[in-house]
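Chemist: First the structure, then my questions, so here it is.
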Amino acid sequence: MSARHKRIQQRLAPWVVTIFLIVLWESACRLFKIPEFVLPSPSSIATALFQFRNAIYENALWTLVTTVIGFGFAVVIGMVVGLAIGASALVYKGIYPILVAFNSVPKVALVPVFAIWFGIGAVPAVLTAFAISVFPIIVNVATGFATVDPEMHDLMKSLGATQTEILSKVGVPRSMPYFFASLKVSLTLAFTGSVIAETVGSNHGIGYLMLAASARFQVPLVFAGITAIAAMAVVMYSACAMLERRVAHWAFRNGT
Amino acid sequence: MSPPDVAEFGASLSTAGVIPAAETPFVELRDVSLLYGEGEDGMMAVDHLRMTMQRGEFVAVVGPSGCGKSTLMKLVTGLLPPSAGAVLVDGARVTQPIKDVGMAFQNATLMPWRTTKHNVMLPLEVVQPHKARLRSNRAGYEELADRMLASVGLHDFRDRFPWQLSGGMQQRANLCRALIHQPKLLMLDEPFAALDAFTREELWIVMQDLWLERRFSAVLVTHDLREAVFLADTVHVMSNRPGKIVLSRKIDLKRPRTLESTFEPDFIEIVHELRAKITEVRAS
Ligand SMILES: Nc1ncnc2c1ncn2[C@@H]1O[C@H](COP(=O)(O)OP(=O)(O)OP(=O)(O)O)[C@@H](O)[C@H]1O
Ligand SMILES: [Mg+2]
């Protein structure tokens, strides 16, 4: 088989699998006459998506914005804290236990607190998205820094490099693959965070929409909401993956 | 602006040595000891080590595994402070990593995110005066890197990434990087050990040519006695840990040495002499 043939196959594979699953789902719903409020069929979800397209669009956009803001903060703060932890053993010793403790708190439990502090609205969602997604970034960036090859370090020192130069020329590039790996995890977590927050303390967003729909037993609309979240997450994930290919292309050692 | 020239740097180095070389050693280790760890758990890696080295001299250090050769390298370059004794380079006591060193380790330690050429150019971004000049004279420096890579046969690989190079190619790039900023001191810690015999011998020739051209001071750690005798002016033999110098053998063979000359009786005789000494210290 030619290399081109193989590539086309790999391109098509995800679509084939997805379409196959949808067809399976649809036929199962029809064959076993599953009631719509238990498991709506893909076609009725599609109908709901179309019927409520305006509401879904507005709320999806809201969720996207809160998620991206929270995630953006997580990226910046995660980078800075990760860098500090990775570069200094003292900072690591001082901060790490607190971070671990903080990370073990179920973030859902924080949402009502955020709602009390900041009221119903976007802020609790942004904060939850941030809180849930910052930890993996910190840990990964710190790992990237901390695992710099000691010989590389010695080499830089023997050239008379300053600590800042060692960080920027070795630490940062070295931690990039770790950083991007964590972005992928954190991004999906950020969506989870903001949607959860919307179901508790918001009157906007996909989470709110889903909650309202399920209260009215509009199960197809709930699933339409899920579809919207999934679509946004996939698009954002692909964007991260593309950025990764650009910035840390050297970590993919497969020729080309 | 003209590219920084190899010969020009060489000249500035040799004029610096106004004082007759024989009187002030370039590198001097005065009863240097190094203890890894502390107290009971401490391990003496080198003990009361004495060694001197002249400016422009090529020195090889051989000895049993674990006797403290890599430690010696780190002591000389100031990467490790001695537990006792003093390290002097160019008459000054070494208390922190010294400037103007080129180092090549056993692993090539090229940065995987840089192309071969940009790896070779790394010291230019860090070491003065190149660092200050790099921006305004980028083209000149790129040309210098190209020329160095060409001299070790890597011209066609300058834009490849290290993992696209074979082990021997990586080592050659590593040597270029160690030399590009014209260091006055070159430290080589078994840089050829991972290579096959043919590539290794090829690199001996490259190394000797570079040295004959520029006359930097060099310390080469190696397990290969032929390599030591081929390249060095003086071969130091170290004892088992804690390491000491037990024999310093001058190599008076004329230069440039050729691969054929390694089969001549006087060459072989020196190799045998060194081997006998190492066998003796290993047994003790
Ligand atoms: N960072 C370290 N901490 C503790 N002990 C060390 C450390 N580095 C080296 N040693 C010990 O010091 C001794 C000398 O080590 P060194 O690396 O200098 O040996 P070497 O002569 O270079 O050996 P080889 O020829 O195998 O490379 C060894 O016994 C080693 O176990
Ligand atoms: Mg060693």
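Just so we're on the same page: first chain in the structure tokens is A, next is B, and so on; residues restart at 1 for each chain, and ligands are numbered from 1 in the order they show up.
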Based on only C-alpha atoms, which of the residues in chain A come within 7 Å of chain B? I want them as a PyMOL selection string.
Modeler: chain A and resi 151-152+155+157-161+250
Chemist: Collect all residues with atoms no farther than 10 Å from ligand 2, counting only C-alpha atoms and all ligand atoms, and output them as a ChimeraX atom specification.
Modeler: /B:64-73,105-106,189-190,221-223
Chemist: Please produce an output containing all heavy atoms for each residue in the selection, written as a CSV table (one decimal), in the first residue's frame.
Modeler:
chain,number,residue,atom,x,y,z
B,64,PRO,N,41.4,3.9,35.3
B,64,PRO,CA,40.3,3.0,35.4
B,64,PRO,C,39.0,3.7,35.6
B,64,PRO,O,38.9,4.8,36.0
B,64,PRO,CB,40.6,2.2,36.7
B,64,PRO,CG,41.9,2.7,37.2
B,64,PRO,CD,42.4,3.8,36.4
B,65,SER,N,37.9,3.0,35.2
B,65,SER,CA,36.6,3.6,35.4
B,65,SER,C,36.2,3.9,36.8
B,65,SER,O,36.6,3.2,37.7
B,65,SER,CB,35.5,2.5,34.8
B,65,SER,OG,34.3,3.1,35.0
B,66,GLY,N,35.6,5.1,37.0
B,66,GLY,CA,35.2,5.5,38.3
B,66,GLY,C,36.4,6.1,39.1
B,66,GLY,O,36.2,6.3,40.3
B,67,CYS,N,37.5,6.4,38.5
B,67,CYS,CA,38.6,6.9,39.3
B,67,CYS,C,38.6,8.4,39.5
B,67,CYS,O,39.4,9.0,40.2
B,67,CYS,CB,40.0,6.5,38.6
B,67,CYS,SG,40.3,7.4,37.1
B,68,GLY,N,37.6,9.1,38.9
B,68,GLY,CA,37.5,10.5,39.1
B,68,GLY,C,37.9,11.4,37.9
B,68,GLY,O,38.2,12.6,38.1
B,69,LYS,N,37.9,10.9,36.7
B,69,LYS,CA,38.3,11.7,35.5
B,69,LYS,C,37.3,12.7,35.2
B,69,LYS,O,37.6,13.9,35.0
B,69,LYS,CB,38.5,10.7,34.3
B,69,LYS,CG,39.5,9.7,34.6
B,69,LYS,CD,39.8,8.8,33.3
B,69,LYS,CE,38.6,8.0,32.9
B,69,LYS,NZ,38.2,6.9,33.9
B,70,SER,N,36.0,12.3,35.2
B,70,SER,CA,34.9,13.3,35.0
B,70,SER,C,34.9,14.4,36.1
B,70,SER,O,34.7,15.6,35.8
B,70,SER,CB,33.6,12.7,34.9
B,70,SER,OG,33.5,11.8,33.8
B,71,THR,N,35.2,13.9,37.3
B,71,THR,CA,35.2,14.8,38.4
B,71,THR,C,36.4,15.9,38.2
B,71,THR,O,36.2,17.1,38.4
B,71,THR,CB,35.5,14.0,39.7
B,71,THR,OG1,34.5,13.0,39.8
B,71,THR,CG2,35.5,14.9,40.9
B,72,LEU,N,37.5,15.4,37.7
B,72,LEU,CA,38.6,16.3,37.4
B,72,LEU,C,38.2,17.4,36.4
B,72,LEU,O,38.6,18.5,36.6
B,72,LEU,CB,39.8,15.4,36.9
B,72,LEU,CG,41.0,16.1,36.3
B,72,LEU,CD1,41.8,16.7,37.5
B,72,LEU,CD2,41.8,15.2,35.5
B,73,MET,N,37.5,17.0,35.4
B,73,MET,CA,37.0,17.9,34.4
B,73,MET,C,36.2,19.0,35.1
B,73,MET,O,36.3,20.2,34.8
B,73,MET,CB,36.2,17.3,33.3
B,73,MET,CG,36.9,16.2,32.6
B,73,MET,SD,38.2,16.8,31.6
B,73,MET,CE,37.4,16.8,30.0
B,105,PHE,N,30.9,16.5,26.2
B,105,PHE,CA,30.7,15.4,27.0
B,105,PHE,C,30.6,14.1,26.2
B,105,PHE,O,30.5,14.2,25.0
B,105,PHE,CB,29.4,15.5,27.9
B,105,PHE,CG,29.4,16.8,28.8
B,105,PHE,CD1,28.8,17.9,28.4
B,105,PHE,CD2,30.1,16.7,30.0
B,105,PHE,CE1,28.8,19.0,29.2
B,105,PHE,CE2,30.1,17.8,30.8
B,105,PHE,CZ,29.4,19.0,30.4
B,106,GLN,N,30.6,13.0,26.9
B,106,GLN,CA,30.4,11.7,26.3
B,106,GLN,C,29.1,11.7,25.5
B,106,GLN,O,29.1,11.2,24.4
B,106,GLN,CB,30.5,10.6,27.3
B,106,GLN,CG,30.4,9.2,26.8
B,106,GLN,CD,30.7,8.2,27.8
B,106,GLN,OE1,31.1,8.5,28.9
B,106,GLN,NE2,30.6,7.0,27.4
B,189,ASP,N,35.3,15.1,27.5
B,189,ASP,CA,35.1,14.0,28.3
B,189,ASP,C,34.7,12.8,27.5
B,189,ASP,O,33.5,12.7,27.2
B,189,ASP,CB,34.1,14.3,29.4
B,189,ASP,CG,34.2,13.2,30.5
B,189,ASP,OD1,34.8,12.2,30.3
B,189,ASP,OD2,33.5,13.5,31.6
B,190,GLU,N,35.6,11.9,27.1
B,190,GLU,CA,35.3,10.8,26.3
B,190,GLU,C,34.3,11.1,25.1
B,190,GLU,O,33.3,10.4,25.0
B,190,GLU,CB,34.6,9.7,27.1
B,190,GLU,CG,35.5,9.3,28.3
B,190,GLU,CD,34.9,8.1,29.1
B,190,GLU,OE1,34.4,7.2,28.4
B,190,GLU,OE2,34.9,8.1,30.3
B,221,VAL,N,39.7,13.3,28.2
B,221,VAL,CA,39.5,12.1,29.0
B,221,VAL,C,39.2,11.0,28.1
B,221,VAL,O,38.3,11.2,27.2
B,221,VAL,CB,38.4,12.3,30.1
B,221,VAL,CG1,38.0,10.9,30.7
B,221,VAL,CG2,38.9,13.2,31.2
B,222,THR,N,39.9,9.9,28.2
B,222,THR,CA,39.6,8.8,27.3
B,222,THR,C,39.9,7.4,27.9
B,222,THR,O,40.7,7.4,28.9
B,222,THR,CB,40.4,9.0,26.0
B,222,THR,OG1,40.1,7.9,25.2
B,222,THR,CG2,41.9,9.1,26.2
B,223,HIS,N,39.3,6.4,27.4
B,223,HIS,CA,39.7,5.1,27.8
B,223,HIS,C,40.6,4.4,26.8
B,223,HIS,O,41.1,3.3,27.0
B,223,HIS,CB,38.4,4.2,28.0
B,223,HIS,CG,37.7,4.4,29.3
B,223,HIS,ND1,36.4,4.7,29.4
B,223,HIS,CD2,38.2,4.5,30.5
B,223,HIS,CE1,36.1,4.9,30.6
B,223,HIS,NE2,37.2,4.8,31.3
Chemist: In Å, how far is it from CA of Ile132 (chain A) to CA of Tyr92 (chain A)?
Modeler: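 Between CA of Ile132 (chain A) and CA of Tyr92 (chain A) the gap is 20.3 Å.
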Chemist: Looking at A:Gly225, A:Pro150, A:Val172, A:Phe217, which one is nearest to ligand 1, with distances taken over only C-alpha atoms and all ligand atoms?
Modeler: A:Pro150
Chemist: Need to verify the contact set: Ala55 (chain A), 12 Å, only C-alpha atoms, exclusion of same-chain residues closer than 4 positions in sequence. Can you return it as a PyMOL selection string?
Modeler: chain A and resi 48-51+59-62+204-206+208-210+212-213+221+224-225+228
Chemist: So that I can see what lies close to Asp90 (chain B), please list as a list in words the residues with an atom at most 10 Å from it, counting only C-alpha atoms and leaving out residues fewer than 5 positions away in the same chain.
Modeler: Thr24, Pro25, Phe26, Val27, Glu28, Gln54, Arg55 and Lys184 of chain B
Chemist: Export, as a PDB file, in the first residue's frame, the selected residues with C-alpha atoms.
Modeler:
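Generated file (out.pdb):
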ATOM      1  CA  THR B  24      53.417  29.800  34.634  1.00  0.00           C
ATOM      2  CA  PRO B  25      51.291  26.747  34.050  1.00  0.00           C
ATOM      3  CA  PHE B  26      47.958  27.490  32.424  1.00  0.00           C
ATOM      4  CA  VAL B  27      46.100  25.032  34.618  1.00  0.00           C
ATOM      5  CA  GLU B  28      47.361  23.975  38.006  1.00  0.00           C
ATOM      6  CA  GLN B  54      50.954  24.489  29.927  1.00  0.00           C
ATOM      7  CA  ARG B  55      49.188  26.959  27.699  1.00  0.00           C
ATOM      8  CA  LYS B 184      41.185  29.083  25.405  1.00  0.00           C
TER       9      LYS B 184
END
Chemist: What are the DSSP helix (DSSP H, G or I) residues of region 139-176 of chain B, as a list in words?
Modeler: Ala139, Gly140, Tyr141, Glu142, Glu143, Leu144, Ala145, Asp146, Arg147, Met148, Leu149, Ala150, Ser151, His155, Asp156, Phe157, Pro162, Trp163, Gln164, Gly167, Gly168, Met169, Gln170, Gln171, Arg172, Ala173, Asn174, Leu175 and Cys176 of chain B
Chemist: Now that the selection is made, can you save its residues with N, CA, C and O atoms as a short mmCIF file (atom, residue, chain, number, x, y, z; two decimals), in the first residue's frame?
Modeler:
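Written output follows (selection_20.cif):
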data_model
loop_
_atom_site.label_atom_id
_atom_site.label_comp_id
_atom_site.auth_asym_id
_atom_site.auth_seq_id
_atom_site.Cartn_x
_atom_site.Cartn_y
_atom_site.Cartn_z
N ALA B 139 25.24 37.30 9.82
CA ALA B 139 25.66 36.60 8.60
C ALA B 139 27.08 36.07 8.74
O ALA B 139 27.37 34.93 8.37
N GLY B 140 27.96 36.88 9.33
CA GLY B 140 29.34 36.46 9.51
C GLY B 140 29.44 35.24 10.40
O GLY B 140 30.19 34.30 10.12
N TYR B 141 28.67 35.26 11.47
CA TYR B 141 28.72 34.13 12.40
C TYR B 141 28.09 32.88 11.79
O TYR B 141 28.55 31.76 12.03
N GLU B 142 27.03 33.08 11.02
CA GLU B 142 26.42 31.92 10.36
C GLU B 142 27.43 31.28 9.43
O GLU B 142 27.52 30.05 9.31
N GLU B 143 28.20 32.13 8.77
CA GLU B 143 29.21 31.62 7.85
C GLU B 143 30.28 30.84 8.62
O GLU B 143 30.73 29.79 8.17
N LEU B 144 30.65 31.37 9.77
CA LEU B 144 31.63 30.68 10.60
C LEU B 144 31.12 29.29 10.99
O LEU B 144 31.84 28.30 10.88
N ALA B 145 29.83 29.23 11.41
CA ALA B 145 29.23 27.95 11.77
C ALA B 145 29.22 27.01 10.57
O ALA B 145 29.55 25.82 10.69
N ASP B 146 28.86 27.55 9.42
CA ASP B 146 28.85 26.73 8.20
C ASP B 146 30.23 26.15 7.92
O ASP B 146 30.37 24.98 7.57
N ARG B 147 31.24 27.00 8.09
CA ARG B 147 32.60 26.56 7.79
C ARG B 147 33.04 25.47 8.75
O ARG B 147 33.69 24.49 8.38
N MET B 148 32.69 25.66 10.03
CA MET B 148 33.07 24.64 11.02
C MET B 148 32.39 23.32 10.71
O MET B 148 33.01 22.26 10.78
N LEU B 149 31.10 23.40 10.37
CA LEU B 149 30.36 22.17 10.06
C LEU B 149 30.94 21.51 8.82
O LEU B 149 31.06 20.28 8.75
N ALA B 150 31.33 22.33 7.85
CA ALA B 150 31.90 21.76 6.64
C ALA B 150 33.22 21.06 6.96
O ALA B 150 33.52 20.01 6.40
N SER B 151 33.97 21.61 7.90
CA SER B 151 35.29 21.04 8.22
C SER B 151 35.16 19.66 8.87
O SER B 151 36.11 18.89 8.88
N HIS B 155 28.25 19.67 6.39
CA HIS B 155 27.66 20.81 5.71
C HIS B 155 26.21 20.55 5.29
O HIS B 155 25.35 21.41 5.44
N ASP B 156 25.95 19.35 4.79
CA ASP B 156 24.61 19.05 4.27
C ASP B 156 23.60 18.79 5.38
O ASP B 156 22.42 18.61 5.11
N PHE B 157 24.07 18.74 6.60
CA PHE B 157 23.17 18.39 7.69
C PHE B 157 22.92 19.57 8.63
O PHE B 157 22.33 19.41 9.68
N PRO B 162 18.99 17.22 15.57
CA PRO B 162 19.95 16.24 16.07
C PRO B 162 19.50 14.80 15.94
O PRO B 162 20.30 13.93 15.62
N TRP B 163 18.21 14.55 16.14
CA TRP B 163 17.75 13.17 16.07
C TRP B 163 17.71 12.65 14.64
O TRP B 163 17.43 11.48 14.40
N GLN B 164 17.96 13.51 13.69
CA GLN B 164 18.07 13.05 12.30
C GLN B 164 19.52 12.74 11.94
O GLN B 164 19.82 12.39 10.81
N GLY B 167 24.88 8.93 15.54
CA GLY B 167 25.63 9.23 16.75
C GLY B 167 26.95 9.92 16.46
O GLY B 167 27.32 10.89 17.12
N GLY B 168 27.67 9.44 15.45
CA GLY B 168 28.95 10.03 15.09
C GLY B 168 28.79 11.45 14.58
O GLY B 168 29.59 12.33 14.91
N MET B 169 27.74 11.69 13.82
CA MET B 169 27.48 13.04 13.33
C MET B 169 27.17 13.98 14.48
O MET B 169 27.62 15.13 14.51
N GLN B 170 26.40 13.49 15.44
CA GLN B 170 26.09 14.32 16.61
C GLN B 170 27.36 14.70 17.35
O GLN B 170 27.51 15.83 17.81
N GLN B 171 28.27 13.72 17.47
CA GLN B 171 29.53 14.00 18.16
C GLN B 171 30.34 15.06 17.42
O GLN B 171 30.98 15.92 18.03
N ARG B 172 30.32 14.99 16.10
CA ARG B 172 31.07 15.98 15.32
C ARG B 172 30.47 17.37 15.53
O ARG B 172 31.20 18.35 15.69
N ALA B 173 29.13 17.44 15.53
CA ALA B 173 28.47 18.72 15.80
C ALA B 173 28.83 19.21 17.19
O ALA B 173 29.09 20.40 17.42
N ASN B 174 28.88 18.27 18.13
CA ASN B 174 29.24 18.58 19.51
C ASN B 174 30.63 19.22 19.58
O ASN B 174 30.84 20.22 20.28
N LEU B 175 31.58 18.66 18.82
CA LEU B 175 32.93 19.23 18.77
C LEU B 175 32.92 20.65 18.20
O LEU B 175 33.58 21.54 18.74
N CYS B 176 32.14 20.85 17.14
CA CYS B 176 32.04 22.19 16.56
C CYS B 176 31.52 23.18 17.59
O CYS B 176 32.02 24.30 17.70
#
Chemist: For each of B:Leu165, B:Met238, B:Leu179, B:Ala84, take the minimum atom-to-atom distance to ligand 1, counting only C-alpha atoms and all ligand atoms, then give the residue where this is smallest.
Modeler: B:Met238
Chemist: When you look at Met176 (chain A) with a cut-off of 9 Å (counting only C-alpha atoms), what residues show up, excluding the ones that are within fewer than 2 positions of it in the same chain? I need them as a ChimeraX atom specification.
Modeler: /A:141,144,171-174,178-181,244,247-248,251
Chemist: Any chance you can output those residues with N, CA and C atoms as a compact mmCIF listing (two decimals), in the first residue's frame?
Modeler:
# COMPACT_ATOMS: atom_id res chain seq x y z
N VAL A 141 4.58 21.88 33.51
CA VAL A 141 5.64 22.85 33.23
C VAL A 141 6.79 22.65 34.23
N GLY A 144 8.83 19.70 33.27
CA GLY A 144 9.71 20.03 32.14
C GLY A 144 10.98 20.73 32.60
N GLY A 171 15.37 25.61 29.72
CA GLY A 171 14.17 25.30 30.49
C GLY A 171 12.89 25.46 29.70
N VAL A 172 12.72 26.62 29.08
CA VAL A 172 11.46 26.89 28.38
C VAL A 172 11.24 25.96 27.19
N PRO A 173 12.21 25.86 26.26
CA PRO A 173 11.97 24.94 25.14
C PRO A 173 11.77 23.50 25.60
N ARG A 174 12.53 23.13 26.61
CA ARG A 174 12.46 21.77 27.12
C ARG A 174 11.07 21.46 27.69
N TYR A 178 5.80 19.22 27.40
CA TYR A 178 5.04 18.96 28.62
C TYR A 178 3.88 19.94 28.73
N PHE A 179 4.18 21.20 28.43
CA PHE A 179 3.18 22.25 28.50
C PHE A 179 2.00 21.92 27.59
N PHE A 180 2.30 21.53 26.36
CA PHE A 180 1.21 21.26 25.43
C PHE A 180 0.44 20.01 25.82
N ALA A 181 1.13 19.03 26.34
CA ALA A 181 0.43 17.84 26.81
C ALA A 181 -0.58 18.23 27.86
N GLU A 244 0.76 23.17 18.96
CA GLU A 244 1.82 22.29 19.44
C GLU A 244 2.73 21.84 18.30
N VAL A 247 4.98 24.85 17.54
CA VAL A 247 5.95 25.30 18.54
C VAL A 247 6.90 24.18 18.96
N ALA A 248 6.34 22.98 19.16
CA ALA A 248 7.17 21.89 19.68
C ALA A 248 7.28 20.76 18.66
N ALA A 251 9.49 17.68 19.03
CA ALA A 251 9.20 16.56 19.93
C ALA A 251 8.51 15.41 19.19
